[in-house]
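Here is the file protein14.txt (compact mmCIF, C-alpha atoms).
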```
# COMPACT_ATOMS: atom_id res chain seq x y z
CA MET A 13 6.80 -26.28 -11.62
CA SER A 14 3.26 -27.49 -11.06
CA GLU A 15 3.20 -26.20 -7.48
CA LYS A 16 0.57 -23.49 -7.04
CA LEU A 17 1.16 -20.53 -4.80
CA PHE A 18 -1.76 -18.87 -3.05
CA LEU A 19 -2.06 -15.49 -1.41
CA PRO A 20 -3.40 -15.43 2.14
CA ARG A 21 -7.13 -14.82 2.56
CA ILE A 22 -8.07 -11.19 3.24
CA THR A 23 -9.58 -11.04 6.71
CA ASP A 24 -9.87 -7.30 7.28
CA ILE A 25 -9.70 -4.04 5.35
CA VAL A 26 -8.96 -0.75 7.08
CA ILE A 27 -9.20 2.51 5.14
CA ARG A 28 -7.73 5.64 6.64
CA SER A 29 -6.92 8.94 5.08
CA PHE A 30 -4.19 11.01 6.59
CA ASN A 31 -2.14 14.06 5.77
CA PHE A 32 1.62 14.21 6.03
CA ASP A 33 3.92 17.15 5.61
CA LEU A 34 6.28 14.66 3.94
CA ALA A 35 6.04 13.31 0.42
CA PHE A 36 4.07 10.05 0.38
CA GLU A 37 7.18 8.02 -0.46
CA HIS A 38 9.00 9.38 2.59
CA ALA A 39 6.03 8.79 4.87
CA ALA A 40 5.60 5.23 3.54
CA ALA A 41 9.31 4.56 4.12
CA ARG A 42 8.61 4.76 7.86
CA PHE A 43 6.58 1.54 7.54
CA SER A 44 9.06 -0.28 5.29
CA GLN A 45 10.58 -2.34 8.09
CA GLN A 46 7.24 -3.99 8.91
CA GLU A 47 6.91 -7.41 7.32
CA GLY A 48 4.27 -7.53 4.58
CA THR A 49 4.38 -3.81 3.78
CA ALA A 50 3.88 -2.84 0.14
CA VAL A 51 3.60 0.58 -1.46
CA LEU A 52 1.76 1.11 -4.75
CA LEU A 53 2.54 4.40 -6.44
CA SER A 54 0.42 5.86 -9.22
CA GLY A 55 2.28 6.56 -12.42
CA SER A 56 0.02 9.15 -13.96
CA ASP A 57 -1.53 12.56 -13.45
CA GLN A 58 -4.96 11.39 -14.61
CA ASP A 59 -7.74 11.86 -12.05
CA CYS A 60 -8.38 8.12 -11.76
CA ALA A 61 -4.69 7.25 -11.34
CA ARG A 62 -3.33 9.77 -8.86
CA TYR A 63 -3.85 7.74 -5.69
CA HIS A 64 -1.08 5.92 -3.83
CA ARG A 65 -1.67 2.93 -1.57
CA LEU A 66 0.19 1.71 1.49
CA LEU A 67 -0.60 -1.93 2.23
CA ASN A 68 0.34 -4.31 5.02
CA ILE A 69 -0.23 -7.88 3.93
```

As a first step, turn the structure in this file into structure tokens.
Amino acid sequence: MSEKLFLPRITDIVIRSFNFDLAFEHAAARFSQQEGTAVLLSGSDQDCARYHRLLNI
């Protein structure tokens, strides 16, 4: 239980905005088969919490 787990070092950040005719969840599903893909969905309608993220780690 004393073993520590570490996340890999971030080596690059790419930011792209794009528009889909699909809902974000459906568009993100197209990337779900790629290893390391994670989707973070906002759970609120507040201005600061309405952004979704698609990550590939």

So, counting all atoms listed in the file, which residue among A:Ala41, A:Ala50, A:Ile25, A:Ala35 is closest to Asn68 in chain A?
-> A:Ala50

For CA of Val26 in chain A and CA of His38 in chain A, the interatomic separation in Å (one decimal) =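 So the answer is 21.1 Å.
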
Quick one: distance from CA of Leu17 in chain A to CA of Glu47 in chain A in Å, one decimal?
-> 18.8 Å

Proximity to Ser44 in chain A - best of A:Asp57, A:Phe30, A:Leu66, A:Asp24, only C-alpha atoms =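 Between A:Asp57, A:Phe30, A:Leu66, A:Asp24, the residue approaching Ser44 in chain A most closely is A:Leu66.
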
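Taking CA of Thr49 in chain A as the reference point, CA of Arg28 in chain A is found at 15.6 Å.
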
Any idea what's packed within 10 Å of Phe36 in chain A, counting only C-alpha atoms, ignoring anything in its chain fewer than 3 positions away? Could you give it as a PDB file with C-alpha atoms, in the coordinates of the input?
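Once written, selection.pdb looks like this:
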```
ATOM      1  CA  ASN A  31      -2.140  14.060   5.770  1.00  0.00           C
ATOM      2  CA  PHE A  32       1.620  14.210   6.030  1.00  0.00           C
ATOM      3  CA  ASP A  33       3.920  17.150   5.610  1.00  0.00           C
ATOM      4  CA  ALA A  39       6.030   8.790   4.870  1.00  0.00           C
ATOM      5  CA  ALA A  40       5.600   5.230   3.540  1.00  0.00           C
ATOM      6  CA  ALA A  41       9.310   4.560   4.120  1.00  0.00           C
ATOM      7  CA  VAL A  51       3.600   0.580  -1.460  1.00  0.00           C
ATOM      8  CA  LEU A  53       2.540   4.400  -6.440  1.00  0.00           C
ATOM      9  CA  HIS A  64      -1.080   5.920  -3.830  1.00  0.00           C
ATOM     10  CA  ARG A  65      -1.670   2.930  -1.570  1.00  0.00           C
ATOM     11  CA  LEU A  66       0.190   1.710   1.490  1.00  0.00           C
TER      12      LEU A  66
END
```
